[in-house]
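*Asks:* Sharing a structure here in structure tokens format.
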Number of protein chains: 2
Amino acid sequence: MAVQFDAVQKGHSIEAGMNGRPVINWPLENQGVSLDGIKYALVWQVEPDLFQKVPDLEVIFSAGAGVDKILSSSSVPNVPIVRFVDPTLTNRMSEWVCLQCLMHLRQQRQYDLLQSKKEWRELRQAEAKELCVGIMGMGVLGQDAAKKLAILGFEVIGWSRSRKEIPGIVCYAESGMDEFLSRTDLLVGLLPATRQTSGFFNRAVFEKLKRNPSMRLPVFINAGRGQSQVEKELVECLQDGTLGGASLDVFETEPLPAASQLWGLDNVVVTPHVAASSDVIALGRYVDGQIERYESGKPLENIVDRNAGY
Amino acid sequence: MAVQFDAVQKGHSIEAGMNGRPVINWPLENQGVSLDGIKYALVWQVEPDLFQKVPDLEVIFSAGAGVDKILSSSSVPNVPIVRFVDPTLTNRMSEWVCLQCLMHLRQQRQYDLLQSKKEWRELRQAEAKELCVGIMGMGVLGQDAAKKLAILGFEVIGWSRSRKEIPGIVCYAESGMDEFLSRTDLLVGLLPATRQTSGFFNRAVFEKLKRNPSMRLPVFINAGRGQSQVEKELVECLQDGTLGGASLDVFETEPLPAASQLWGLDNVVVTPHVAASSDVIALGRYVDGQIERYESGKPLENIVDRNAGY
């Protein structure tokens, strides 16, 4: 039996992918239920004392690609944590990243504004190949987005903690950060939330981005984790011309508070952490498949490295 | 010497790509200038008596992919008409088509509305592979868009007057129209303006599109020619639930009149015939290259078939 510690998407059911395996949907069904003997937990948000409720836990499954919320729990037991890796999740992230890069390239928000005024006017238009997308975080998600953006015509470069070798994509690591930023018109953040990435996207970084005459100003696109961005400095940079626009799916506080200026800034696209929202049926299938592997003595896949934080 | 019969993009100059070849920019410099002896004309919009002014014309170059405006002129002389074919034009069209397909897939307009209300809410989300993009017009532009949409994850099918063989893309021709439409969630028009395509996109066509439970309603996307769409029926279909949205770069009358309801309908994206607007420098290089070929006795490329109309 598995326990699901979050209603991943309200109105959807994970059981549909679980092949008949019984699931306790916590906290929807938690009245007086004992979790003794429960071996598997599927987790997204984490309550402070969550893991103390499951004394016999053997494996933790994360409902998303990021596991920062699980690792930051003080009660997380020393059992394997398995990340969700799925073509659906990867494809959805690339859809969102490509959409946002194209929206900024093609000035969709400016055309929306002209449309609202019934104004027929052509804007000066760069072509994709004139702009460079710099992706930070070149794991499964970053590499897929890079490949697709390159086919759409963008120049694409990548940065990751450990340098990757990817055909056709110039890749940077630690020491190449400044050069990476100086070449980047559209900065795409796909970083996990770790101590190293906390507060990374700040004024100092935005000021190092390329000033490209083909583009009005550089753009920041984040679908990694909100903890990696300093929103106070981001708002200031959007207002003072350091940045020309942003697309944000993640925020320091989620849901994004109504008081945030990000909701109302011109040329800022806000989406509610849905860039790669997990398909619950695909998630159910994945977890079910991993439990089957585990119970038949095969190794679990996509186990998190707790030291690296992802 | 060549004559340019249109200020293709205001504020830009075609001479930059013309390698020093002299150009008369008509009608900006037309005061009292004789065009006797002019052999080449670069044309976009066409005045009624345009070609009568150039008695010695040998080649007509079109500034865009479509040549309907040239062919419909009563004064067009019997000389070769050369279409503009350029990677820039193709890439820009695909940028626009991919952007619009992704906007409808990811419900960007609905998220824009939620953002304007500072409302954090997840919408039910289909994945690209659950939706089928049906492209009408599988020439250079249609094939490039098809390839890129397939890589973004969409199912892609194509229709053209003469059936094409394209690896990985199911292609239909005349007799397969109804089956093509019944499989299509996102209908992309890239048709030239000819007698056959005039008024093609009407209620009868929109009613044949797929009703896919993964998508709210089918969507119409047109970047071909406005003459192919019946805007009165299009507006009605958008209002009565036959269509769920549209992205339109072309219109029966351009600029789109302020009185058109298309400007203000929910989930309709209006852009001012800029999907693949020609890069004037690339256009200049292309025309210069074709003139060089012609003058050195080589055949002109991309000559229009006047019977087919494109």
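Each chain of the structure tokens is named A, B, ... in the order shown, its residues numbered from 1; ligands are numbered from 1 in display order.
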Could you list, with a cut-off of 7 Å and counting only C-alpha atoms, the residues of chain A near chain B, each shown with its nearest atom pair and the distance in Å rounded to one decimal, rows sorted by chain and ascending number, as a Markdown table?

*Replies:*
```
| residue | atom | partner | partner_atom | distance |
| --- | --- | --- | --- | --- |
| A:Arg92 | CA | B:Glu127 | CA | 6.5 |
| A:Glu95 | CA | B:Leu152 | CA | 6.7 |
| A:Leu99 | CA | B:Leu102 | CA | 5.8 |
| A:Leu102 | CA | B:Leu99 | CA | 5.8 |
| A:Met103 | CA | B:Leu99 | CA | 6.8 |
| A:Tyr111 | CA | B:Thr271 | CA | 6.5 |
| A:Gln115 | CA | B:Trp263 | CA | 6.1 |
| A:Ser116 | CA | B:Gly264 | CA | 7.0 |
| A:Lys118 | CA | B:Ala258 | CA | 6.0 |
| A:Trp120 | CA | B:Pro272 | CA | 5.6 |
| A:Arg121 | CA | B:Pro272 | CA | 6.3 |
| A:Glu122 | CA | B:Pro272 | CA | 6.3 |
| A:Glu127 | CA | B:Arg92 | CA | 6.6 |
| A:Lys148 | CA | B:Leu152 | CA | 6.7 |
| A:Ile151 | CA | B:Lys148 | CA | 6.9 |
| A:Leu152 | CA | B:Lys148 | CA | 6.7 |
| A:Pro255 | CA | B:Trp120 | CA | 6.2 |
| A:Ala258 | CA | B:Lys118 | CA | 6.0 |
| A:Trp263 | CA | B:Lys118 | CA | 6.1 |
| A:Gly264 | CA | B:Ser116 | CA | 7.0 |
| A:Val270 | CA | B:Gln115 | CA | 6.3 |
| A:Thr271 | CA | B:Tyr111 | CA | 6.5 |
| A:Pro272 | CA | B:Trp120 | CA | 5.5 |
| A:Val274 | CA | B:Glu122 | CA | 6.7 |
```

*Asks:* From stretch 76-232 of chain A, collect each residue whose DSSP state is alpha helix (DSSP H) and return the set as a PDB file with N, CA and C atoms, in the first residue's frame.

*Replies:*
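What ended up in part_32.pdb:
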```pdb
ATOM      1  N   PRO A  87       8.467  11.455 -19.758  1.00  0.00           N
ATOM      2  CA  PRO A  87       8.450  12.240 -21.003  1.00  0.00           C
ATOM      3  C   PRO A  87       7.376  13.326 -20.976  1.00  0.00           C
ATOM      4  N   THR A  88       6.247  13.034 -20.338  1.00  0.00           N
ATOM      5  CA  THR A  88       5.177  14.034 -20.258  1.00  0.00           C
ATOM      6  C   THR A  88       5.670  15.301 -19.577  1.00  0.00           C
ATOM      7  N   LEU A  89       6.324  15.107 -18.429  1.00  0.00           N
ATOM      8  CA  LEU A  89       6.821  16.248 -17.667  1.00  0.00           C
ATOM      9  C   LEU A  89       7.852  17.027 -18.484  1.00  0.00           C
ATOM     10  N   THR A  90       8.750  16.299 -19.140  1.00  0.00           N
ATOM     11  CA  THR A  90       9.789  16.938 -19.954  1.00  0.00           C
ATOM     12  C   THR A  90       9.161  17.699 -21.121  1.00  0.00           C
ATOM     13  N   ASN A  91       8.243  17.053 -21.831  1.00  0.00           N
ATOM     14  CA  ASN A  91       7.625  17.711 -22.984  1.00  0.00           C
ATOM     15  C   ASN A  91       6.853  18.957 -22.581  1.00  0.00           C
ATOM     16  N   ARG A  92       6.134  18.858 -21.465  1.00  0.00           N
ATOM     17  CA  ARG A  92       5.358  20.032 -21.033  1.00  0.00           C
ATOM     18  C   ARG A  92       6.262  21.194 -20.669  1.00  0.00           C
ATOM     19  N   MET A  93       7.389  20.884 -20.010  1.00  0.00           N
ATOM     20  CA  MET A  93       8.315  21.967 -19.674  1.00  0.00           C
ATOM     21  C   MET A  93       8.839  22.629 -20.956  1.00  0.00           C
ATOM     22  N   SER A  94       9.194  21.809 -21.945  1.00  0.00           N
ATOM     23  CA  SER A  94       9.718  22.388 -23.193  1.00  0.00           C
ATOM     24  C   SER A  94       8.649  23.195 -23.926  1.00  0.00           C
ATOM     25  N   GLU A  95       7.406  22.713 -23.901  1.00  0.00           N
ATOM     26  CA  GLU A  95       6.319  23.510 -24.493  1.00  0.00           C
ATOM     27  C   GLU A  95       6.302  24.909 -23.881  1.00  0.00           C
ATOM     28  N   TRP A  96       6.344  24.949 -22.552  1.00  0.00           N
ATOM     29  CA  TRP A  96       6.249  26.240 -21.851  1.00  0.00           C
ATOM     30  C   TRP A  96       7.472  27.117 -22.152  1.00  0.00           C
ATOM     31  N   VAL A  97       8.658  26.523 -22.110  1.00  0.00           N
ATOM     32  CA  VAL A  97       9.876  27.315 -22.343  1.00  0.00           C
ATOM     33  C   VAL A  97       9.894  27.838 -23.782  1.00  0.00           C
ATOM     34  N   CYS A  98       9.569  26.989 -24.751  1.00  0.00           N
ATOM     35  CA  CYS A  98       9.542  27.435 -26.157  1.00  0.00           C
ATOM     36  C   CYS A  98       8.481  28.524 -26.345  1.00  0.00           C
ATOM     37  N   LEU A  99       7.302  28.321 -25.770  1.00  0.00           N
ATOM     38  CA  LEU A  99       6.242  29.332 -25.868  1.00  0.00           C
ATOM     39  C   LEU A  99       6.725  30.679 -25.335  1.00  0.00           C
ATOM     40  N   GLN A 100       7.356  30.662 -24.167  1.00  0.00           N
ATOM     41  CA  GLN A 100       7.761  31.941 -23.572  1.00  0.00           C
ATOM     42  C   GLN A 100       8.885  32.594 -24.379  1.00  0.00           C
ATOM     43  N   CYS A 101       9.841  31.812 -24.861  1.00  0.00           N
ATOM     44  CA  CYS A 101      10.909  32.397 -25.690  1.00  0.00           C
ATOM     45  C   CYS A 101      10.314  32.998 -26.963  1.00  0.00           C
ATOM     46  N   LEU A 102       9.378  32.295 -27.590  1.00  0.00           N
ATOM     47  CA  LEU A 102       8.751  32.820 -28.815  1.00  0.00           C
ATOM     48  C   LEU A 102       7.915  34.061 -28.512  1.00  0.00           C
ATOM     49  N   MET A 103       7.218  34.069 -27.388  1.00  0.00           N
ATOM     50  CA  MET A 103       6.420  35.252 -27.048  1.00  0.00           C
ATOM     51  C   MET A 103       7.301  36.504 -26.938  1.00  0.00           C
ATOM     52  N   HIS A 104       8.465  36.350 -26.312  1.00  0.00           N
ATOM     53  CA  HIS A 104       9.341  37.523 -26.183  1.00  0.00           C
ATOM     54  C   HIS A 104       9.992  37.858 -27.526  1.00  0.00           C
ATOM     55  N   LEU A 105      10.436  36.844 -28.262  1.00  0.00           N
ATOM     56  CA  LEU A 105      11.001  37.087 -29.594  1.00  0.00           C
ATOM     57  C   LEU A 105      10.011  37.853 -30.462  1.00  0.00           C
ATOM     58  N   GLN A 108       4.826  39.287 -28.414  1.00  0.00           N
ATOM     59  CA  GLN A 108       3.397  38.997 -28.364  1.00  0.00           C
ATOM     60  C   GLN A 108       2.667  39.944 -27.409  1.00  0.00           C
ATOM     61  N   ARG A 109       3.268  40.240 -26.261  1.00  0.00           N
ATOM     62  CA  ARG A 109       2.593  41.135 -25.311  1.00  0.00           C
ATOM     63  C   ARG A 109       2.410  42.542 -25.900  1.00  0.00           C
ATOM     64  N   GLN A 110       3.380  43.004 -26.689  1.00  0.00           N
ATOM     65  CA  GLN A 110       3.226  44.319 -27.328  1.00  0.00           C
ATOM     66  C   GLN A 110       2.139  44.263 -28.396  1.00  0.00           C
ATOM     67  N   TYR A 111       2.071  43.156 -29.145  1.00  0.00           N
ATOM     68  CA  TYR A 111       1.000  43.022 -30.138  1.00  0.00           C
ATOM     69  C   TYR A 111      -0.367  42.880 -29.454  1.00  0.00           C
ATOM     70  N   ASP A 112      -0.399  42.204 -28.290  1.00  0.00           N
ATOM     71  CA  ASP A 112      -1.664  42.132 -27.528  1.00  0.00           C
ATOM     72  C   ASP A 112      -2.149  43.544 -27.181  1.00  0.00           C
ATOM     73  N   LEU A 113      -1.190  44.378 -26.765  1.00  0.00           N
ATOM     74  CA  LEU A 113      -1.553  45.748 -26.385  1.00  0.00           C
ATOM     75  C   LEU A 113      -2.076  46.527 -27.593  1.00  0.00           C
ATOM     76  N   LEU A 114      -1.379  46.397 -28.737  1.00  0.00           N
ATOM     77  CA  LEU A 114      -1.856  47.052 -29.963  1.00  0.00           C
ATOM     78  C   LEU A 114      -3.256  46.544 -30.319  1.00  0.00           C
ATOM     79  N   GLN A 115      -3.467  45.225 -30.201  1.00  0.00           N
ATOM     80  CA  GLN A 115      -4.782  44.665 -30.510  1.00  0.00           C
ATOM     81  C   GLN A 115      -5.858  45.279 -29.613  1.00  0.00           C
ATOM     82  N   SER A 116      -5.545  45.422 -28.326  1.00  0.00           N
ATOM     83  CA  SER A 116      -6.551  45.972 -27.401  1.00  0.00           C
ATOM     84  C   SER A 116      -6.912  47.407 -27.773  1.00  0.00           C
ATOM     85  N   VAL A 140      17.798  16.704 -17.692  1.00  0.00           N
ATOM     86  CA  VAL A 140      16.862  16.172 -18.688  1.00  0.00           C
ATOM     87  C   VAL A 140      16.003  17.297 -19.276  1.00  0.00           C
ATOM     88  N   LEU A 141      15.464  18.160 -18.410  1.00  0.00           N
ATOM     89  CA  LEU A 141      14.578  19.232 -18.879  1.00  0.00           C
ATOM     90  C   LEU A 141      15.336  20.249 -19.727  1.00  0.00           C
ATOM     91  N   GLY A 142      16.483  20.695 -19.253  1.00  0.00           N
ATOM     92  CA  GLY A 142      17.252  21.711 -19.965  1.00  0.00           C
ATOM     93  C   GLY A 142      17.716  21.228 -21.328  1.00  0.00           C
ATOM     94  N   GLN A 143      18.139  19.978 -21.391  1.00  0.00           N
ATOM     95  CA  GLN A 143      18.627  19.458 -22.679  1.00  0.00           C
ATOM     96  C   GLN A 143      17.493  19.338 -23.698  1.00  0.00           C
ATOM     97  N   ASP A 144      16.324  18.939 -23.245  1.00  0.00           N
ATOM     98  CA  ASP A 144      15.205  18.813 -24.183  1.00  0.00           C
ATOM     99  C   ASP A 144      14.785  20.191 -24.695  1.00  0.00           C
ATOM    100  N   ALA A 145      14.701  21.156 -23.786  1.00  0.00           N
ATOM    101  CA  ALA A 145      14.336  22.525 -24.207  1.00  0.00           C
ATOM    102  C   ALA A 145      15.384  23.076 -25.167  1.00  0.00           C
ATOM    103  N   ALA A 146      16.660  22.824 -24.875  1.00  0.00           N
ATOM    104  CA  ALA A 146      17.748  23.328 -25.723  1.00  0.00           C
ATOM    105  C   ALA A 146      17.621  22.809 -27.147  1.00  0.00           C
ATOM    106  N   LYS A 147      17.352  21.518 -27.259  1.00  0.00           N
ATOM    107  CA  LYS A 147      17.232  20.889 -28.570  1.00  0.00           C
ATOM    108  C   LYS A 147      16.084  21.521 -29.366  1.00  0.00           C
ATOM    109  N   LYS A 148      14.957  21.724 -28.713  1.00  0.00           N
ATOM    110  CA  LYS A 148      13.789  22.251 -29.405  1.00  0.00           C
ATOM    111  C   LYS A 148      13.959  23.730 -29.756  1.00  0.00           C
ATOM    112  N   LEU A 149      14.552  24.504 -28.863  1.00  0.00           N
ATOM    113  CA  LEU A 149      14.793  25.925 -29.156  1.00  0.00           C
ATOM    114  C   LEU A 149      15.755  26.074 -30.324  1.00  0.00           C
ATOM    115  N   ALA A 150      16.748  25.198 -30.400  1.00  0.00           N
ATOM    116  CA  ALA A 150      17.710  25.261 -31.512  1.00  0.00           C
ATOM    117  C   ALA A 150      16.996  24.988 -32.829  1.00  0.00           C
ATOM    118  N   ILE A 151      16.066  24.042 -32.828  1.00  0.00           N
ATOM    119  CA  ILE A 151      15.336  23.732 -34.063  1.00  0.00           C
ATOM    120  C   ILE A 151      14.414  24.883 -34.453  1.00  0.00           C
ATOM    121  N   MET A 177      30.760  31.241 -16.063  1.00  0.00           N
ATOM    122  CA  MET A 177      29.500  31.939 -15.795  1.00  0.00           C
ATOM    123  C   MET A 177      29.417  33.322 -16.448  1.00  0.00           C
ATOM    124  N   ASP A 178      30.449  34.137 -16.278  1.00  0.00           N
ATOM    125  CA  ASP A 178      30.369  35.504 -16.795  1.00  0.00           C
ATOM    126  C   ASP A 178      30.289  35.513 -18.319  1.00  0.00           C
ATOM    127  N   GLU A 179      31.067  34.653 -18.975  1.00  0.00           N
ATOM    128  CA  GLU A 179      30.999  34.586 -20.429  1.00  0.00           C
ATOM    129  C   GLU A 179      29.621  34.099 -20.873  1.00  0.00           C
ATOM    130  N   PHE A 180      29.097  33.080 -20.186  1.00  0.00           N
ATOM    131  CA  PHE A 180      27.750  32.572 -20.482  1.00  0.00           C
ATOM    132  C   PHE A 180      26.726  33.698 -20.407  1.00  0.00           C
ATOM    133  N   LEU A 181      26.759  34.463 -19.333  1.00  0.00           N
ATOM    134  CA  LEU A 181      25.765  35.539 -19.165  1.00  0.00           C
ATOM    135  C   LEU A 181      25.931  36.623 -20.216  1.00  0.00           C
ATOM    136  N   SER A 182      27.180  36.943 -20.561  1.00  0.00           N
ATOM    137  CA  SER A 182      27.428  38.037 -21.505  1.00  0.00           C
ATOM    138  C   SER A 182      26.973  37.695 -22.920  1.00  0.00           C
ATOM    139  N   ARG A 183      26.753  36.405 -23.190  1.00  0.00           N
ATOM    140  CA  ARG A 183      26.275  35.984 -24.518  1.00  0.00           C
ATOM    141  C   ARG A 183      24.752  35.818 -24.556  1.00  0.00           C
ATOM    142  N   ARG A 203      20.181  41.169  -9.209  1.00  0.00           N
ATOM    143  CA  ARG A 203      20.602  42.291 -10.059  1.00  0.00           C
ATOM    144  C   ARG A 203      21.975  42.070 -10.689  1.00  0.00           C
ATOM    145  N   ALA A 204      22.908  41.575  -9.902  1.00  0.00           N
ATOM    146  CA  ALA A 204      24.277  41.398 -10.421  1.00  0.00           C
ATOM    147  C   ALA A 204      24.276  40.487 -11.650  1.00  0.00           C
ATOM    148  N   VAL A 205      23.455  39.459 -11.623  1.00  0.00           N
ATOM    149  CA  VAL A 205      23.359  38.537 -12.767  1.00  0.00           C
ATOM    150  C   VAL A 205      22.663  39.209 -13.943  1.00  0.00           C
ATOM    151  N   PHE A 206      21.533  39.873 -13.691  1.00  0.00           N
ATOM    152  CA  PHE A 206      20.784  40.492 -14.792  1.00  0.00           C
ATOM    153  C   PHE A 206      21.620  41.572 -15.491  1.00  0.00           C
ATOM    154  N   GLU A 207      22.476  42.246 -14.732  1.00  0.00           N
ATOM    155  CA  GLU A 207      23.306  43.302 -15.336  1.00  0.00           C
ATOM    156  C   GLU A 207      24.374  42.738 -16.255  1.00  0.00           C
ATOM    157  N   GLU A 231      13.103  38.513  -5.934  1.00  0.00           N
ATOM    158  CA  GLU A 231      12.018  39.206  -6.641  1.00  0.00           C
ATOM    159  C   GLU A 231      12.058  40.717  -6.468  1.00  0.00           C
ATOM    160  N   LYS A 232      12.554  41.188  -5.334  1.00  0.00           N
ATOM    161  CA  LYS A 232      12.660  42.630  -5.138  1.00  0.00           C
ATOM    162  C   LYS A 232      13.602  43.228  -6.204  1.00  0.00           C
TER     163      LYS A 232
END
```

*Asks:* I'd like the contact shell of A:Gly64 - 9 Å cut-off, only C-alpha atoms, skipping same-chain residues fewer than 6 positions apart - returned as a ChimeraX atom specification.

*Replies:* /A:43-44,83-85,89,276-278,283

*Asks:* Would you mind reading off the distance between atom CA of A:Gln107 and atom CA of B:Gly284, one decimal, in Å?

*Replies:*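 According to the coordinates, atom CA of A:Gln107 and atom CA of B:Gly284 are separated by 25.1 Å.
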
*Asks:* Just checking: using only C-alpha atoms, which residue out of B:Val79, B:Ile303, B:Met138, B:Leu238 ends up closest to B:Gln290?

*Replies:*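 Ranking B:Val79, B:Ile303, B:Met138, B:Leu238 by distance to B:Gln290, first place goes to B:Ile303.
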
*Asks:* Rounded to one decimal, what separation in Å do you get between atom CA of B:Glu295 and atom CA of B:Asn25?

*Replies:*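 These atoms are spaced 21.8 Å apart.
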
*Asks:* So how many Å separate atom CA of B:Gly226 and atom CA of B:Val46, to one decimal?

*Replies:*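 One can read the atom CA of B:Gly226 to atom CA of B:Val46 distance as 16.6 Å.
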